[in-house]
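Structure data (PDB, C-alpha atoms) from entry34.pdb:
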ATOM      1  CA  MET K  35     -18.547  43.644  71.735
ATOM      2  CA  PRO K  36     -15.763  45.229  69.655
ATOM      3  CA  PHE K  37     -12.993  43.148  68.182
ATOM      4  CA  HIS K  38      -9.702  43.192  70.135
ATOM      5  CA  LYS K  39      -6.621  42.054  68.322
ATOM      6  CA  VAL K  40      -4.160  40.139  70.495
ATOM      7  CA  VAL K  41      -0.846  41.900  70.006
ATOM      8  CA  LYS K  42       2.093  39.583  70.667
ATOM      9  CA  ASN K  43       4.984  41.975  70.466
ATOM     10  CA  LYS K  44       8.289  42.303  72.318
ATOM     11  CA  PRO K  45       6.740  43.562  75.621
ATOM     12  CA  TYR K  46       4.338  40.562  75.579
ATOM     13  CA  PHE K  47       7.090  37.976  75.149
ATOM     14  CA  SER K  48       9.409  39.712  77.637
ATOM     15  CA  ARG K  49       6.739  39.212  80.323
ATOM     16  CA  PHE K  50       5.698  35.691  79.288
ATOM     17  CA  GLN K  51       6.097  33.078  82.049
ATOM     18  CA  THR K  52       6.722  29.505  80.966
ATOM     19  CA  LYS K  53       4.580  26.975  82.824
ATOM     20  CA  TYR K  54       6.103  24.013  84.652
ATOM     21  CA  ARG K  55       7.211  21.184  82.384
ATOM     22  CA  ARG K  56       4.692  18.647  83.753
ATOM     23  CA  ARG K  57       1.916  21.230  83.312
ATOM     24  CA  ARG K  58       2.955  21.757  79.680
ATOM     25  CA  GLU K  59       2.887  17.965  79.197
ATOM     26  CA  GLY K  60      -0.549  17.767  80.832
ATOM     27  CA  LYS K  61       0.649  15.340  83.533
ATOM     28  CA  THR K  62       0.312  17.260  86.817
ATOM     29  CA  ASP K  63      -2.477  19.364  88.295
ATOM     30  CA  TYR K  64      -0.374  21.815  90.306
ATOM     31  CA  TYR K  65      -3.452  23.476  91.820
ATOM     32  CA  ALA K  66      -4.330  20.164  93.500
ATOM     33  CA  ARG K  67      -0.691  19.177  94.167
ATOM     34  CA  LYS K  68       0.026  22.374  96.096
ATOM     35  CA  ARG K  69      -2.803  21.564  98.516
ATOM     36  CA  LEU K  70      -1.880  17.891  98.814
ATOM     37  CA  ILE K  71       1.768  18.440  99.763
ATOM     38  CA  ALA K  72       1.586  21.677 101.799
ATOM     39  CA  GLN K  73       2.219  20.784 105.444
ATOM     40  CA  ALA K  74       1.313  22.866 108.494
ATOM     41  CA  LYS K  75       4.207  25.030 109.699
ATOM     42  CA  ASP K  76       3.971  23.740 113.269
ATOM     43  CA  LYS K  77       4.532  20.155 112.110
ATOM     44  CA  TYR K  78       8.105  21.013 111.108
ATOM     45  CA  ASN K  79       9.619  18.193 109.008
ATOM     46  CA  SER K  80       6.736  15.712 109.371
ATOM     47  CA  PRO K  81       5.939  14.285 105.922
ATOM     48  CA  LYS K  82       2.430  14.586 104.514
ATOM     49  CA  TYR K  83       1.555  11.247 102.910
ATOM     50  CA  ARG K  84      -0.553  10.794  99.782
ATOM     51  CA  PHE K  85      -2.392   7.654  98.744
ATOM     52  CA  VAL K  86      -1.763   7.794  94.992
ATOM     53  CA  VAL K  87      -3.925   5.730  92.608
ATOM     54  CA  ARG K  88      -3.175   5.463  88.897
ATOM     55  CA  PHE K  89      -4.609   3.222  86.157
ATOM     56  CA  THR K  90      -3.058   1.979  82.937
ATOM     57  CA  ASN K  91      -4.665  -0.225  80.280
ATOM     58  CA  LYS K  92      -3.428  -3.423  81.973
ATOM     59  CA  ASP K  93      -2.399  -2.446  85.496
ATOM     60  CA  ILE K  94      -3.412  -0.598  88.665
ATOM     61  CA  VAL K  95      -0.765   1.318  90.610
ATOM     62  CA  CYS K  96      -1.214   2.253  94.288
ATOM     63  CA  GLN K  97       1.529   4.123  96.141
ATOM     64  CA  ILE K  98       2.160   5.917  99.423
ATOM     65  CA  ILE K  99       4.201   9.020  98.548
ATOM     66  CA  TYR K 100       5.482  12.080 100.385
ATOM     67  CA  ALA K 101       7.142  15.176  98.945
ATOM     68  CA  LYS K 102      10.646  16.495  99.627
ATOM     69  CA  ILE K 103      12.496  19.432  98.087
ATOM     70  CA  GLN K 104      14.569  16.980  96.050
ATOM     71  CA  GLY K 105      11.396  15.302  94.721
ATOM     72  CA  ASP K 106       8.721  12.790  95.695
ATOM     73  CA  VAL K 107       9.672   9.738  97.767
ATOM     74  CA  VAL K 108       7.729   6.468  97.519
ATOM     75  CA  LEU K 109       7.301   4.801 100.905
ATOM     76  CA  ALA K 110       5.500   1.709  99.570
ATOM     77  CA  ALA K 111       3.788   0.550  96.389
ATOM     78  CA  ALA K 112       1.467  -2.218  95.208
ATOM     79  CA  TYR K 113       0.418  -3.255  91.715
ATOM     80  CA  SER K 114      -2.436  -5.344  90.392
ATOM     81  CA  HIS K 115       0.028  -7.490  88.432
ATOM     82  CA  GLU K 116       1.050  -8.875  91.863
ATOM     83  CA  LEU K 117      -2.459 -10.273  92.445
ATOM     84  CA  PRO K 118      -1.927 -13.601  90.590
ATOM     85  CA  LYS K 119       0.351 -14.524  93.503
ATOM     86  CA  TYR K 120      -2.769 -14.390  95.717
ATOM     87  CA  GLY K 121      -5.085 -16.250  93.328
ATOM     88  CA  ILE K 122      -6.566 -13.369  91.267
ATOM     89  CA  GLU K 123      -5.320 -14.101  87.761
ATOM     90  CA  HIS K 124      -8.021 -12.474  85.629
ATOM     91  CA  GLY K 125      -9.717  -9.066  85.483
ATOM     92  CA  LEU K 126      -6.702  -7.234  86.927
ATOM     93  CA  THR K 127      -8.127  -3.777  86.164
ATOM     94  CA  ASN K 128     -11.720  -4.101  87.414
ATOM     95  CA  TRP K 129     -13.259  -2.657  90.607
ATOM     96  CA  SER K 130     -12.591  -5.812  92.644
ATOM     97  CA  ALA K 131      -8.930  -5.843  91.579
ATOM     98  CA  ALA K 132      -8.642  -2.154  92.540
ATOM     99  CA  TYR K 133      -9.995  -3.014  96.005
ATOM    100  CA  ALA K 134      -7.520  -5.899  96.386
ATOM    101  CA  THR K 135      -4.606  -3.682  95.270
ATOM    102  CA  GLY K 136      -5.544  -0.991  97.793
ATOM    103  CA  LEU K 137      -5.828  -3.651 100.503
ATOM    104  CA  LEU K 138      -2.411  -5.052  99.543
ATOM    105  CA  LEU K 139      -0.772  -1.630  99.807
ATOM    106  CA  ALA K 140      -2.399  -0.889 103.167
ATOM    107  CA  ARG K 141      -1.245  -4.158 104.736
ATOM    108  CA  ARG K 142       2.224  -3.783 103.180
ATOM    109  CA  VAL K 143       2.880  -0.265 104.479
ATOM    110  CA  LEU K 144       1.469  -1.049 107.940
ATOM    111  CA  LYS K 145       3.692  -4.110 108.201
ATOM    112  CA  LYS K 146       6.680  -2.025 107.142
ATOM    113  CA  LEU K 147       5.930   0.465 109.927
ATOM    114  CA  GLY K 148       5.116  -2.227 112.521
ATOM    115  CA  LEU K 149       1.425  -1.239 112.769
ATOM    116  CA  ASP K 150      -0.144  -4.261 111.045
ATOM    117  CA  GLU K 151      -1.125  -6.064 114.259
ATOM    118  CA  LYS K 152      -2.403  -2.914 115.983
ATOM    119  CA  TYR K 153      -4.589  -1.748 113.090
ATOM    120  CA  GLU K 154      -6.145  -4.704 111.271
ATOM    121  CA  GLY K 155      -8.833  -2.656 109.537
ATOM    122  CA  GLN K 156     -11.900  -4.582 108.377
ATOM    123  CA  PRO K 157     -11.021  -8.308 108.053
ATOM    124  CA  GLU K 158     -14.493  -9.243 106.710
ATOM    125  CA  PRO K 159     -15.818  -6.288 104.679
ATOM    126  CA  GLU K 160     -19.551  -6.139 104.075
ATOM    127  CA  GLY K 161     -19.657  -2.824 102.226
ATOM    128  CA  GLU K 162     -20.491  -0.724 105.291
ATOM    129  CA  TYR K 163     -18.793   2.611 106.011
ATOM    130  CA  PHE K 164     -15.589   2.017 107.949
ATOM    131  CA  GLU K 165     -13.141   4.403 109.532
ATOM    132  CA  VAL K 166      -9.983   3.526 111.455
ATOM    133  CA  GLU K 167     -10.149   4.743 115.037
ATOM    134  CA  ALA K 168      -7.067   5.759 116.990
ATOM    135  CA  ASP K 169      -6.131   3.554 119.889
ATOM    136  CA  GLY K 170      -5.637   5.441 123.140
ATOM    137  CA  GLU K 171      -2.378   3.628 123.769
ATOM    138  CA  GLY K 172       0.561   3.469 121.396
ATOM    139  CA  PRO K 173       0.958   5.038 117.953
ATOM    140  CA  ARG K 174      -1.937   6.573 116.064
ATOM    141  CA  PRO K 175      -3.135   5.104 112.732
ATOM    142  CA  PHE K 176      -1.218   5.852 109.552
ATOM    143  CA  ARG K 177      -2.852   8.845 107.865
ATOM    144  CA  ALA K 178      -2.766   9.656 104.138
ATOM    145  CA  PHE K 179      -4.783  11.681 101.634
ATOM    146  CA  LEU K 180      -6.245  10.447  98.343
ATOM    147  CA  ASP K 181      -4.428  11.656  95.217
ATOM    148  CA  VAL K 182      -6.367  10.927  92.005
ATOM    149  CA  GLY K 183      -4.143  12.915  89.632
ATOM    150  CA  LEU K 184      -6.004  14.071  86.505
ATOM    151  CA  ARG K 185      -8.637  11.336  86.612
ATOM    152  CA  ARG K 186     -12.308  12.287  86.912
ATOM    153  CA  THR K 187     -13.908  11.314  90.233
ATOM    154  CA  THR K 188     -17.135   9.995  88.727
ATOM    155  CA  THR K 189     -19.640   7.962  90.736
ATOM    156  CA  GLY K 190     -18.580   4.314  90.928
ATOM    157  CA  SER K 191     -15.043   4.977  89.671
ATOM    158  CA  ARG K 192     -12.436   2.281  90.320
ATOM    159  CA  ILE K 193     -10.402   4.907  92.203
ATOM    160  CA  PHE K 194     -12.843   4.487  95.076
ATOM    161  CA  GLY K 195     -12.413   0.724  94.924
ATOM    162  CA  ALA K 196      -8.722   1.190  95.706
ATOM    163  CA  LEU K 197      -9.634   3.749  98.374
ATOM    164  CA  LYS K 198     -12.112   1.363 100.007
ATOM    165  CA  GLY K 199      -9.512  -1.424  99.995
ATOM    166  CA  ALA K 200      -6.907   0.814 101.651
ATOM    167  CA  VAL K 201      -9.346   1.984 104.340
ATOM    168  CA  ASP K 202     -10.518  -1.575 105.056
ATOM    169  CA  GLY K 203      -6.832  -2.528 105.199
ATOM    170  CA  GLY K 204      -6.234  -0.179 108.137
ATOM    171  CA  LEU K 205      -5.185   3.192 106.664
ATOM    172  CA  ALA K 206      -6.741   6.408 107.974
ATOM    173  CA  ILE K 207      -7.824   8.184 104.784
ATOM    174  CA  PRO K 208     -10.533  10.881 105.023
ATOM    175  CA  TYR K 209     -13.315  10.030 102.565
ATOM    176  CA  SER K 210     -17.010  10.179 101.831
ATOM    177  CA  GLU K 211     -19.254   7.547 100.248
ATOM    178  CA  ALA K 212     -20.886  10.143  97.972
ATOM    179  CA  ARG K 213     -19.042   8.787  94.898
ATOM    180  CA  PHE K 214     -19.254   5.108  95.762
ATOM    181  CA  PRO K 215     -21.397   2.901  93.482
ATOM    182  CA  GLY K 216     -25.084   2.941  94.393
ATOM    183  CA  PHE K 217     -25.012   6.134  96.484
ATOM    184  CA  ASP K 218     -28.537   7.544  97.005
ATOM    185  CA  ARG K 219     -28.431  11.348  96.817
ATOM    186  CA  ASP K 220     -31.893  11.750  98.327
ATOM    187  CA  GLU K 221     -31.266   9.608 101.393
ATOM    188  CA  LYS K 222     -27.546  10.557 101.554
ATOM    189  CA  LYS K 223     -26.671   6.913 101.997
ATOM    190  CA  ALA K 224     -24.624   4.330 100.118
ATOM    191  CA  ASP K 225     -25.907   0.883  99.180
ATOM    192  CA  ALA K 226     -23.740  -1.409 101.341
ATOM    193  CA  GLU K 227     -24.951  -4.562  99.593
ATOM    194  CA  LEU K 228     -24.023  -3.202  96.159
ATOM    195  CA  ILE K 229     -20.553  -2.167  97.392
ATOM    196  CA  ARG K 230     -20.097  -5.666  98.844
ATOM    197  CA  ASN K 231     -20.966  -7.119  95.428
ATOM    198  CA  TYR K 232     -18.295  -4.952  93.825
ATOM    199  CA  ILE K 233     -15.703  -5.975  96.432
ATOM    200  CA  TYR K 234     -16.216  -9.697  95.828
ATOM    201  CA  GLY K 235     -16.730  -9.509  92.044
ATOM    202  CA  ILE K 236     -20.417 -10.456  92.201
ATOM    203  CA  HIS K 237     -21.211  -7.754  89.606
ATOM    204  CA  VAL K 238     -18.856  -9.612  87.214
ATOM    205  CA  GLN K 239     -20.539 -12.908  88.161
ATOM    206  CA  GLU K 240     -23.991 -11.491  87.337
ATOM    207  CA  TYR K 241     -22.755 -10.204  83.966
ATOM    208  CA  MET K 242     -21.202 -13.588  83.159
ATOM    209  CA  GLU K 243     -24.487 -15.337  83.958
ATOM    210  CA  TYR K 244     -26.404 -12.789  81.862
ATOM    211  CA  LEU K 245     -24.192 -13.349  78.821
ATOM    212  CA  MET K 246     -24.386 -17.145  79.221
ATOM    213  CA  GLU K 247     -28.170 -16.906  78.901
ATOM    214  CA  GLU K 248     -28.470 -14.128  76.313
ATOM    215  CA  ASP K 249     -25.397 -14.408  74.049
ATOM    216  CA  ASP K 250     -23.210 -17.464  74.469
ATOM    217  CA  GLU K 251     -20.791 -16.369  71.724
ATOM    218  CA  ALA K 252     -20.177 -13.016  73.422
ATOM    219  CA  TYR K 253     -19.613 -14.835  76.720
ATOM    220  CA  LYS K 254     -17.021 -17.163  75.177
ATOM    221  CA  ARG K 255     -15.298 -14.222  73.501
ATOM    222  CA  GLN K 256     -15.249 -11.828  76.478
ATOM    223  CA  PHE K 257     -14.492 -14.366  79.223
ATOM    224  CA  ALA K 258     -12.242 -16.697  77.237
ATOM    225  CA  SER K 259      -9.464 -16.542  79.842
ATOM    226  CA  TYR K 260     -11.927 -17.419  82.635
ATOM    227  CA  ILE K 261     -13.233 -20.381  80.650
ATOM    228  CA  GLU K 262      -9.708 -21.582  79.866
ATOM    229  CA  ALA K 263      -8.790 -21.423  83.564
ATOM    230  CA  GLY K 264     -11.996 -23.290  84.502
ATOM    231  CA  ILE K 265     -13.443 -20.425  86.598
ATOM    232  CA  GLU K 266     -17.216 -20.620  86.897
ATOM    233  CA  PRO K 267     -19.296 -17.503  87.686
ATOM    234  CA  ASP K 268     -20.367 -18.767  91.127
ATOM    235  CA  ALA K 269     -16.718 -19.321  92.164
ATOM    236  CA  LEU K 270     -15.699 -15.642  91.991
ATOM    237  CA  GLU K 271     -16.866 -14.640  95.493
ATOM    238  CA  ASP K 272     -14.861 -17.403  97.198
ATOM    239  CA  LEU K 273     -11.881 -16.619  94.955
ATOM    240  CA  TYR K 274     -11.756 -12.984  96.131
ATOM    241  CA  LYS K 275     -12.343 -13.915  99.775
ATOM    242  CA  GLU K 276      -9.400 -16.326  99.707
ATOM    243  CA  ALA K 277      -7.248 -13.687  98.000
ATOM    244  CA  HIS K 278      -8.034 -11.138 100.734
ATOM    245  CA  GLU K 279      -7.053 -13.659 103.411
ATOM    246  CA  LYS K 280      -3.768 -14.449 101.629
ATOM    247  CA  ILE K 281      -2.973 -10.739 101.288
ATOM    248  CA  ARG K 282      -3.424 -10.278 105.028
ATOM    249  CA  GLU K 283      -1.257 -13.306 105.770
ATOM    250  CA  ASN K 284       1.680 -12.203 103.617
ATOM    251  CA  PRO K 285       1.596  -8.740 101.984
ATOM    252  CA  ASP K 286       5.372  -8.637 101.410
ATOM    253  CA  HIS K 287       6.726  -7.920  97.948
ATOM    254  CA  GLU K 288       8.763 -10.733  96.415
ATOM    255  CA  SER K 289      11.428  -9.437  94.067
ATOM    256  CA  THR K 290      11.861 -11.321  90.786
ATOM    257  CA  TYR K 291      15.279  -9.755  90.143
ATOM    258  CA  THR K 292      18.143 -12.235  89.729
ATOM    259  CA  PRO K 293      21.708 -10.872  89.805
ATOM    260  CA  PRO K 294      23.810 -11.631  86.702
ATOM    261  CA  THR K 295      26.169 -14.605  86.821
ATOM    262  CA  ALA K 296      29.939 -14.351  86.294
ATOM    263  CA  GLU K 297      29.540 -15.514  82.686
ATOM    264  CA  GLU K 298      26.899 -12.863  81.980
ATOM    265  CA  LYS K 299      29.137 -10.173  83.484
ATOM    266  CA  GLU K 300      31.960 -11.223  81.147
ATOM    267  CA  GLU K 301      29.549 -10.959  78.199
ATOM    268  CA  PHE K 302      28.588  -7.445  79.297
ATOM    269  CA  LYS K 303      32.259  -6.460  79.447
ATOM    270  CA  ALA K 304      32.809  -7.713  75.881
ATOM    271  CA  PHE K 305      30.501  -4.946  74.580
ATOM    272  CA  LYS K 306      32.257  -2.217  76.561
ATOM    273  CA  ALA K 307      34.816  -0.213  74.553
ATOM    274  CA  LYS K 308      38.350  -0.330  75.952
ATOM    275  CA  ARG K 309      39.630   3.004  77.233
ATOM    276  CA  LEU K 310      42.765   4.113  75.347
ATOM    277  CA  THR K 311      45.791   5.696  77.001
ATOM    278  CA  TYR K 312      47.143   9.099  75.925
ATOM    279  CA  ALA K 313      49.970   7.488  73.886
ATOM    280  CA  GLU K 314      47.510   5.139  72.168
ATOM    281  CA  ARG K 315      45.212   8.053  71.247
ATOM    282  CA  LYS K 316      48.128  10.048  69.769
ATOM    283  CA  ASP K 317      49.283   7.014  67.807
ATOM    284  CA  ARG K 318      45.739   6.456  66.509
ATOM    285  CA  ILE K 319      45.617  10.044  65.233
ATOM    286  CA  GLN K 320      48.958   9.624  63.419
ATOM    287  CA  GLN K 321      47.677   6.418  61.786
ATOM    288  CA  LYS K 322      44.563   8.265  60.531
ATOM    289  CA  ILE K 323      46.701  11.115  59.147
ATOM    290  CA  ALA K 324      48.981   8.637  57.366
ATOM    291  CA  ALA K 325      45.995   6.749  55.923
ATOM    292  CA  PHE K 326      44.443  10.032  54.701
ATOM    293  CA  GLU K 327      47.705  11.078  52.995
ATOM    294  CA  ARG K 328      48.025   7.688  51.277
ATOM    295  CA  ASP K 329      44.483   7.894  49.922
ATOM    296  CA  ASN K 330      45.029  11.412  48.531
ATOM    297  CA  GLN K 331      48.378  10.884  46.796
TER
END

Will you turn the file into structure tokens for me?
Amino acid sequence: MPFHKVVKNKPYFSRFQTKYRRRREGKTDYYARKRLIAQAKDKYNSPKYRFVVRFTNKDIVCQIIYAKIQGDVVLAAAYSHELPKYGIEHGLTNWSAAYATGLLLARRVLKKLGLDEKYEGQPEPEGEYFEVEADGEGPRPFRAFLDVGLRRTTTGSRIFGALKGAVDGGLAIPYSEARFPGFDRDEKKADAELIRNYIYGIHVQEYMEYLMEEDDEAYKRQFASYIEAGIEPDALEDLYKEAHEKIRENPDHESTYTPPTAEEKEEFKAFKAKRLTYAERKDRIQQKIAAFERDNQ
């Protein structure tokens, strides 16, 4: 194949189209976003909801979002750093925590919309496939679509833990078990027992027990926070079950914001520069001119 030199001359640059800012920053997949937010024409102004899942090094973020011309609007959100309120104080980024965060968001948004009693989801999950069915009477279930962003949808990913929690919580999200942990490609079936173990943290329990037998130093190093809190491996399943019950009892967000006191407001005002009047500004200029002339005599 002959060599072709790329000529970047004036005609090239005059036709160059700059990509969207978030594409240049590598933050948004606009190919996927276009399909996630495009609504059918005959649905007029009905919002199309997305179940958004994002992971950081120390947190899990789950949100229900819909798009408007002005920008995205967040209907409800849940974070794994809220889980200590329900008894889950350690391992806030693992698969079990992702499930609990998805469950928390589902119950929170349904309660906000007044659908929490009508669609309870799966109160006692056993890892089986579950899908919310519409009730013939009254409103239909809340429907959303999974938005994974730029994250790879690998088999067993924590994204599907959050998805499973949201579905078991009562949200109608179309999904397949093909990427759930333990899915058998030959039989086209997921391992319900393995998924149940992931939901209740039994996979963490088994790893803790393995390290206790094989490498006690590694166990003390990796699970130091569990040991300090007095959490034994066999207590994890009951811990997660109790947390799920507490989430269903009260999924409301409790704000930690405290308004500033009168004294604090006065302190804030002390740092604010006083606005000068026109006469004061003119006088200030004359003082600077006089000072400059004195210094240069």

Spatial neighbours of Ala111 of chain K, max dist 7 Å, only C-alpha atoms, sep filter under 2 positions, as a ChimeraX atom specification: /K:96-98,113,139

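Counting from atom CA of Ser210 of chain K, the distance to atom CA of Leu197 of chain K is 10.4 Å.
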
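With only C-alpha atoms taken into account, every residue lying no more than 9 Å from the file point (-11.0, -2.2, 95.7) is included here: K:Asn128, K:Trp129, K:Ser130, K:Ala131, K:Ala132, K:Tyr133, K:Ala134, K:Thr135, K:Gly136, K:Leu137, K:Arg192, K:Ile193, K:Phe194, K:Gly195, K:Ala196, K:Leu197, K:Lys198, K:Gly199, K:Ala200, K:Tyr232, K:Ile233.
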
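Here the PyMOL selection byres ((chain K and resi 277-287) around 8) captures the residues Tyr120, Gly121, Ile122, Ala134, Leu137, Leu138, Leu139, Arg141, Arg142, Leu273, Tyr274, Lys275, Glu276, Glu288 and Ser289 of chain K.
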
Selection result for the PyMOL selection byres ((chain K and resi 65-78) around 10) on this file, as a ChimeraX atom specification: /K:62-64,79-84,99-102,106,178-184

Please produce a file of those selected residues containing C-alpha atoms, as a PDB file, keeping the file's coordinate frame.
ATOM      1  CA  THR K  62       0.312  17.260  86.817  1.00  0.00           C
ATOM      2  CA  ASP K  63      -2.477  19.364  88.295  1.00  0.00           C
ATOM      3  CA  TYR K  64      -0.374  21.815  90.306  1.00  0.00           C
ATOM      4  CA  ASN K  79       9.619  18.193 109.008  1.00  0.00           C
ATOM      5  CA  SER K  80       6.736  15.712 109.371  1.00  0.00           C
ATOM      6  CA  PRO K  81       5.939  14.285 105.922  1.00  0.00           C
ATOM      7  CA  LYS K  82       2.430  14.586 104.514  1.00  0.00           C
ATOM      8  CA  TYR K  83       1.555  11.247 102.910  1.00  0.00           C
ATOM      9  CA  ARG K  84      -0.553  10.794  99.782  1.00  0.00           C
ATOM     10  CA  ILE K  99       4.201   9.020  98.548  1.00  0.00           C
ATOM     11  CA  TYR K 100       5.482  12.080 100.385  1.00  0.00           C
ATOM     12  CA  ALA K 101       7.142  15.176  98.945  1.00  0.00           C
ATOM     13  CA  LYS K 102      10.646  16.495  99.627  1.00  0.00           C
ATOM     14  CA  ASP K 106       8.721  12.790  95.695  1.00  0.00           C
ATOM     15  CA  ALA K 178      -2.766   9.656 104.138  1.00  0.00           C
ATOM     16  CA  PHE K 179      -4.783  11.681 101.634  1.00  0.00           C
ATOM     17  CA  LEU K 180      -6.245  10.447  98.343  1.00  0.00           C
ATOM     18  CA  ASP K 181      -4.428  11.656  95.217  1.00  0.00           C
ATOM     19  CA  VAL K 182      -6.367  10.927  92.005  1.00  0.00           C
ATOM     20  CA  GLY K 183      -4.143  12.915  89.632  1.00  0.00           C
ATOM     21  CA  LEU K 184      -6.004  14.071  86.505  1.00  0.00           C
TER      22      LEU K 184
END

Selection near Ala168 of chain K, 12 Å with all atoms listed in the file, sequence-local residues under 5 positions removed, as a PyMOL selection string: chain K and resi 149+152-155+173-177+204-206

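The coordinates place atom CA of Val143 of chain K at 14.4 Å from atom CA of Val95 of chain K.
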
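Note that atom CA of Phe257 of chain K and atom CA of Ala112 of chain K are 25.6 Å apart.
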
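Distance check against Glu243 of chain K using all atoms listed in the file: of K:Ala263, K:Val108, K:Leu270, K:Ala304, the minimum falls on K:Leu270.
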
Picked residues, the PyMOL selection byres ((chain K and resi 268) around 12), expected as a VMD selection string: chain K and resid 234 to 243 264 to 267 269 to 274

From K:Gln104, K:Thr290, K:Ser191, K:Gln331, residue lying nearest Gly216 of chain K [only C-alpha atoms]: K:Ser191
